[in-house]
Each structure stands twice: as structure tokens, then as C-alpha cells.
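Take a look at the structure below.
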Amino acid sequence: GEYHQYNPDVVQSLQRAVLTGTREDWKAYTDHVNHRPPAALRDLLRVKPLGPPVPLDEVEPVSSIVRRFDSAAMSLGALSPEAHEALAIAMNRLGGRSNSGEGGEDPARYHDQRRSEIKQIASGRFGVTPEYLINAEVLQIKIAQGAKPGEGGQLPGSKVDALIARLRYARPGIGLISPPPHHDIYSIEDLAQLIFDLRQVNPEALISVKLVSHAGVGTIAAGVVKAGADLITISGHDGGTGASPLGSIRYAGVPWELGLSEARQALQANALRERVLLQTDGGLKSGLDVVKAAMLGADSFGF
């Protein structure tokens with residue numbers, strides 16, 4: 001049948017590596033990922049060494065590398081509270097950041113290890129309150145999602161329990177759909193206004209804008225930098241599948257490799273590259289994926 005990136009060999013070898021913590025089991029997992037049949041654009045790219053390897057004692061310590069790692073946005077609704085909190089705790093212990101996703105966060109989590117340092121502002125504005133915005137290191141305006149460009153998130157009524165309804169100011173059992181566009185953003189000037197407003201609420205936070213990989217994303221990225229964003233995420237079609245219709249997961253979206261490369265080139269051509277951090281996410285699974293993303297222009301990485 002059709003080759004799947006998440007196949008039984010990949011899943012089982014990853015679970016074994018996590019349980020044992022041995023380098024041999026991790027190597028078995030990465031072999032399944034790095035030597036698979038071409039399933040993503042980066043599988044057709046080979047890393048070419050420039051010379052002998054850098055001695056390990058000259059490489060950045062793990063503690064500074066993991067600061068570039070985020071767990072990508074998955075809402076409380078797409079995930080259970082237990083899984084959502086476990087991701088936040090893990091990323092906080094590592095020194096990376098977890099992303100609340102769309103839909104708010106329980107205020108009980110704001111002052112302990114369960115806090116997501118990236119808070120998302122999406123088109124439905126579910127759960128977005130001043131208290132929510134203040135308790136963040138990064139505020140991410142989600143313009144689009146990799147697996148469903150041009151569509152909003154969809155949470156069926158069966159998933160809207162009492163907790164979700166309380167956080168989203170909704171009614172239990174009633175389905176929630178985010179509109180495809182932000183109804184207050186129809187131009188770069190509108191986006192600049194939202195960025196300005198968010199800075200008034202939380203002047204310390206980085207302002208991030210999440211875009212989707214697509215032809216022409218470089219022009220949009222340049223506008224986003226001029227609007228005052230600190231960070232741009234280019235999301236590929238292997239990301240954002242949690243609340244996506246099956247048709248979108250299968251047939252919509254573009255690989256992050258294309259969007260990231262175009263964004264980097266457009267920003268460099270317009271002398272804007274130094275003014276922003278570039279991130280990418282969508283199907284990253286191994287250190288080799290991270291290296292390839294870095295070579296294509298990424299500063300940080302979402303998993």
C-alpha cells in the first residue's frame with residue numbers, strides 16, 4: 001500500500017527509544033526516519049559536509065539548542081487536558097516552549113509548570129482574555145494552518161465539554177468553528193494594528209505570526225516583518241492536522257521546505273532577514289530534519 005511517514009516501524013521504535021533512553025534504540029528510530037523511501041521534499045536533499053566535523057566541545061550545549069524548540073500549537077480540545085499539560089511540563093523542563101493552541105488555557109495553569117509560554121490568538125478569538133495574553137512569553141497570531149490553508153479550526157460538539165466551554169465562553173455540546181479569515185485583518189495595516197494592540201497588553205512578549213507554506217509567502221512574510229512581528233512561523237502541510245477535515249489533510253497544503261526557502265530569500269532580498277526569527281513546523285522527526293530546516297533558513301523549530 002501507500003507509504004506512510006507514521007508507520008508501525010517508526011511509532012514502535014520511537015516508543016522503545018523513549019522507554020529505554022539508549023542511543024542504540026534512538027538510532028534504530030532515526031534510521032527508520034532518515035532512510036525511508038522519499039516521502040517529503042527534504043528526503044531528496046542530502047547534507048554535504050563542508051569539512052571535518054566540529055569537535056563536540058565547540059558545539060552549543062544542549063540547553064541552548066533546545067531553546068529553539070517548540071511543541072507546535074494543539075488546542076485543548078484537539079488534545080485532552082492531561083496530554084496538553086504533559087507537553088507543557090515537558091517543554092518547560094527542557095527549556096523550550098509549548099504552544100497553547102487556539103481556545104485558551106485554564107487560568108489554574110498560569111503560575112506553575114503547566115503554563116504554555118506561547119499563547120495563540122486565532123480567528124475565533126476563543127479564550128483570548130487580557131489575563132491569557134499577560135501570561136505568555138510569545139503571542140502568536142495564527143493566520144493559517146499548514147494542513148488546511150484558508151480554513152478555520154473545527155471542534156465537534158461531542159468534544160466541547162464543560163471545561164472547553166468555560167475556557168472558550170461557549171455552550172457545552174455545541175460545535176465550534178473558527179472562521180477562515182480574521183474578520184479584523186484584511187491588510188498588512190490591520191495586522192500591524194493587532195500587533196500594536198497585543199504589545200500594549202504584554203510589552204515583554206515576542207509577537208509571532210503563523211503563516212502557511214504557499215507560493216508567494218515570501219511577499220507576505222516581508223509585510224509581516226514591516227508590520228512589526230518578531231517571529232514568523234512557516235507551517236507545512238504535515239502540520240495542523242489535529243482539527244482538519246480528512247480531505248484537507250490529504251489534498252491541501254504545501255511542504256514547509258518550499259515556503260521556508262521562499263520566505264528566507266524574500267526577506268534577504270528586502271534587507272529584512274535580520275529583523276525577524278524564522279521558524280518552521282510540519283512533520284519534523286529527527287536531528288537530520290532540524291539540520292535541513294536550518295540550512296533552508298530556520299532559526300527555530302516546531303514539533
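Going through the C-alpha cells in order, the chains are called A, B, and so on, while each chain numbers its residues from 1 and the ligands are numbered from 1 in the order shown.
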
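For segment 61-69 of chain A, the residues within 8 Å (counting only C-alpha atoms, excluding itself and residues fewer than 2 positions away along the chain) are Val59, Ser71, Leu94, Gly95, Gly96, Arg97, Asp299, Ser300, Phe301, Gly302 and Phe303 of chain A.
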
message: I'd like the neighbourhood of Met74 of chain A as a ChimeraX atom specification, where a residue qualifies if any of its atoms comes within 8 Å (using only C-alpha atoms), though same-chain residues fewer than 3 positions away should be ignored.
response: /A:78-79,84,99-102,240,242

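Counting only C-alpha atoms, the residue from A:Leu246, A:Leu231, A:Ala83, A:Leu296 that sits nearest to Val276 of chain A is A:Leu231.
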
Which of segment 41-200 of chain A DSSP labels strand (DSSP E or B), written as a ChimeraX atom specification: /A:69-71,76,79,97-99,118-121,138-142,154-155,176-177

Secondary structure check, alpha helix (DSSP H) residues of segment 65-259 of chain A, as a PyMOL selection string: chain A and resi 65+81-94+130-134+162-168+188-201+217-226+246-251+256-259

I'd like the contact shell of segment 257-267 of chain A - 9 Å cut-off, only C-alpha atoms, skipping same-chain residues fewer than 4 positions apart - returned as a PDB file with C-alpha atoms, in the first residue's frame.
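Okay, out18.pdb is ready:
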ATOM      1  CA  LEU A  41      10.713  17.093  -0.155  1.00  0.00           C
ATOM      2  CA  ARG A  42      13.657  17.072   2.289  1.00  0.00           C
ATOM      3  CA  VAL A 212       1.277  28.692   5.844  1.00  0.00           C
ATOM      4  CA  SER A 213       3.713  27.459   3.220  1.00  0.00           C
ATOM      5  CA  HIS A 214       2.494  28.590  -0.202  1.00  0.00           C
ATOM      6  CA  ALA A 215       3.740  30.201  -3.393  1.00  0.00           C
ATOM      7  CA  GLY A 216       4.013  33.915  -2.640  1.00  0.00           C
ATOM      8  CA  VAL A 217       4.510  33.525   1.120  1.00  0.00           C
ATOM      9  CA  GLY A 218       7.778  35.474   0.827  1.00  0.00           C
ATOM     10  CA  THR A 219       5.902  38.676  -0.057  1.00  0.00           C
ATOM     11  CA  ILE A 220       3.534  38.133   2.883  1.00  0.00           C
ATOM     12  CA  ALA A 221       6.487  37.458   5.221  1.00  0.00           C
ATOM     13  CA  ALA A 222       8.105  40.757   4.192  1.00  0.00           C
ATOM     14  CA  VAL A 225       8.111  41.982   9.322  1.00  0.00           C
ATOM     15  CA  THR A 233       6.327  30.542  11.597  1.00  0.00           C
ATOM     16  CA  ILE A 234       6.069  28.905   8.187  1.00  0.00           C
ATOM     17  CA  SER A 235       3.839  25.868   8.645  1.00  0.00           C
ATOM     18  CA  GLY A 236       3.930  22.966   6.207  1.00  0.00           C
ATOM     19  CA  ALA A 271      17.134  43.554   3.799  1.00  0.00           C
ATOM     20  CA  LEU A 272      14.643  42.325   6.410  1.00  0.00           C
ATOM     21  CA  ARG A 273      16.131  38.977   7.423  1.00  0.00           C
ATOM     22  CA  GLU A 274      17.979  40.347  10.463  1.00  0.00           C
ATOM     23  CA  LEU A 278      12.078  32.352  11.200  1.00  0.00           C
ATOM     24  CA  GLN A 279      10.516  29.153  12.439  1.00  0.00           C
ATOM     25  CA  THR A 280       9.146  26.148  10.620  1.00  0.00           C
ATOM     26  CA  LYS A 292      17.997  20.543   6.830  1.00  0.00           C
ATOM     27  CA  ALA A 293      15.474  23.104   8.079  1.00  0.00           C
ATOM     28  CA  LEU A 296      16.985  26.273   4.413  1.00  0.00           C
ATOM     29  CA  GLY A 297      16.783  29.252   6.767  1.00  0.00           C
ATOM     30  CA  ALA A 298      15.028  28.273  10.008  1.00  0.00           C
TER      31      ALA A 298
END

With a distance cut-off of 7 Å and only C-alpha atoms, select the neighbouring residues of Glu137 of chain A, excluding the residue or stretch itself and same-chain residues fewer than 4 positions from it, and output the selection as a tab-separated table (two decimals) with all heavy atoms, in the first residue's frame.
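Written out: out_26.tsv:
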chain	number	residue	atom	x	y	z
A	117	GLU	N	4.06	28.69	27.28
A	117	GLU	CA	4.69	30.01	27.14
A	117	GLU	C	4.29	30.71	25.84
A	117	GLU	O	4.45	31.92	25.71
A	117	GLU	CB	6.21	29.88	27.22
A	117	GLU	CG	6.73	29.38	28.55
A	117	GLU	CD	6.46	30.32	29.73
A	117	GLU	OE1	5.85	31.38	29.53
A	117	GLU	OE2	6.84	29.98	30.85
A	118	ILE	N	3.79	29.94	24.86
A	118	ILE	CA	3.28	30.55	23.63
A	118	ILE	C	1.76	30.51	23.69
A	118	ILE	O	1.17	29.43	23.85
A	118	ILE	CB	3.76	29.78	22.38
A	118	ILE	CG1	5.29	29.65	22.37
A	118	ILE	CG2	3.28	30.48	21.11
A	118	ILE	CD1	5.81	28.73	21.30
A	205	ALA	N	6.37	40.36	25.69
A	205	ALA	CA	6.25	39.17	24.85
A	205	ALA	C	6.76	39.42	23.43
A	205	ALA	O	6.67	40.53	22.90
A	205	ALA	CB	4.79	38.71	24.79
A	206	LEU	N	7.32	38.36	22.82
A	206	LEU	CA	7.59	38.38	21.39
A	206	LEU	C	6.26	38.21	20.66
A	206	LEU	O	5.41	37.43	21.09
A	206	LEU	CB	8.52	37.23	21.00
A	206	LEU	CG	9.95	37.24	21.55
A	206	LEU	CD1	10.66	35.94	21.18
A	206	LEU	CD2	10.73	38.43	21.03

Contacts of segment 8-19 of chain A at 6 Å (only C-alpha atoms; same-chain gap of 6+ positions) as number ranges by chain: A: 25-26, 29, 32

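Proximity of A:Arg114, A:Ala165, A:Leu211, A:Gly223 to Glu82 of chain A, computed with only C-alpha atoms, is greatest for A:Arg114.
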
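The gap separating atom CA of Ile185 of chain A from atom CA of Ala147 of chain A is 21.1 Å, in Å to one decimal.
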
Name the residues in contact with Ala229 of chain A at a cut-off of 10 Å, using only C-alpha atoms, excluding same-chain residues fewer than 6 positions from it; report them as a PDB file with N, CA and C atoms, in the first residue's frame.
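The resulting file, result.pdb, is reproduced below:
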ATOM      1  N   GLN A 140       1.202  34.441  19.605  1.00  0.00           N
ATOM      2  CA  GLN A 140       1.221  34.020  18.204  1.00  0.00           C
ATOM      3  C   GLN A 140      -0.128  34.279  17.536  1.00  0.00           C
ATOM      4  N   ILE A 141      -0.113  35.124  16.512  1.00  0.00           N
ATOM      5  CA  ILE A 141      -1.307  35.381  15.703  1.00  0.00           C
ATOM      6  C   ILE A 141      -1.354  34.305  14.628  1.00  0.00           C
ATOM      7  N   LEU A 191      -3.043  44.023  10.331  1.00  0.00           N
ATOM      8  CA  LEU A 191      -2.184  43.143  11.128  1.00  0.00           C
ATOM      9  C   LEU A 191      -1.278  43.969  12.036  1.00  0.00           C
ATOM     10  N   ALA A 192      -0.722  45.059  11.513  1.00  0.00           N
ATOM     11  CA  ALA A 192       0.131  45.934  12.318  1.00  0.00           C
ATOM     12  C   ALA A 192      -0.640  46.492  13.517  1.00  0.00           C
ATOM     13  N   ILE A 195      -0.867  43.714  16.134  1.00  0.00           N
ATOM     14  CA  ILE A 195       0.435  43.562  16.779  1.00  0.00           C
ATOM     15  C   ILE A 195       0.648  44.685  17.797  1.00  0.00           C
ATOM     16  N   PHE A 196       0.287  45.913  17.413  1.00  0.00           N
ATOM     17  CA  PHE A 196       0.402  47.066  18.312  1.00  0.00           C
ATOM     18  C   PHE A 196      -0.466  46.854  19.560  1.00  0.00           C
ATOM     19  N   LEU A 206       7.317  38.357  22.824  1.00  0.00           N
ATOM     20  CA  LEU A 206       7.593  38.378  21.391  1.00  0.00           C
ATOM     21  C   LEU A 206       6.260  38.211  20.657  1.00  0.00           C
ATOM     22  N   ILE A 207       6.095  38.919  19.552  1.00  0.00           N
ATOM     23  CA  ILE A 207       4.875  38.766  18.744  1.00  0.00           C
ATOM     24  C   ILE A 207       5.218  37.907  17.532  1.00  0.00           C
ATOM     25  N   SER A 208       4.502  36.806  17.420  1.00  0.00           N
ATOM     26  CA  SER A 208       4.739  35.836  16.353  1.00  0.00           C
ATOM     27  C   SER A 208       3.539  35.820  15.409  1.00  0.00           C
ATOM     28  N   VAL A 209       3.804  35.579  14.133  1.00  0.00           N
ATOM     29  CA  VAL A 209       2.718  35.431  13.150  1.00  0.00           C
ATOM     30  C   VAL A 209       2.905  34.095  12.447  1.00  0.00           C
ATOM     31  N   ALA A 221       5.526  37.425   4.108  1.00  0.00           N
ATOM     32  CA  ALA A 221       6.487  37.458   5.221  1.00  0.00           C
ATOM     33  C   ALA A 221       7.144  38.831   5.325  1.00  0.00           C
ATOM     34  N   GLY A 223       5.872  41.687   4.434  1.00  0.00           N
ATOM     35  CA  GLY A 223       4.878  42.589   5.004  1.00  0.00           C
ATOM     36  C   GLY A 223       4.711  42.394   6.495  1.00  0.00           C
ATOM     37  N   ARG A 275      15.782  41.240  11.005  1.00  0.00           N
ATOM     38  CA  ARG A 275      14.773  41.828  11.901  1.00  0.00           C
ATOM     39  C   ARG A 275      13.795  40.804  12.459  1.00  0.00           C
ATOM     40  N   VAL A 276      13.932  39.547  12.067  1.00  0.00           N
ATOM     41  CA  VAL A 276      12.907  38.571  12.469  1.00  0.00           C
ATOM     42  C   VAL A 276      13.532  37.190  12.663  1.00  0.00           C
ATOM     43  N   LEU A 277      12.919  36.394  13.543  1.00  0.00           N
ATOM     44  CA  LEU A 277      13.277  34.985  13.682  1.00  0.00           C
ATOM     45  C   LEU A 277      12.336  34.182  12.788  1.00  0.00           C
TER      46      LEU A 277
END
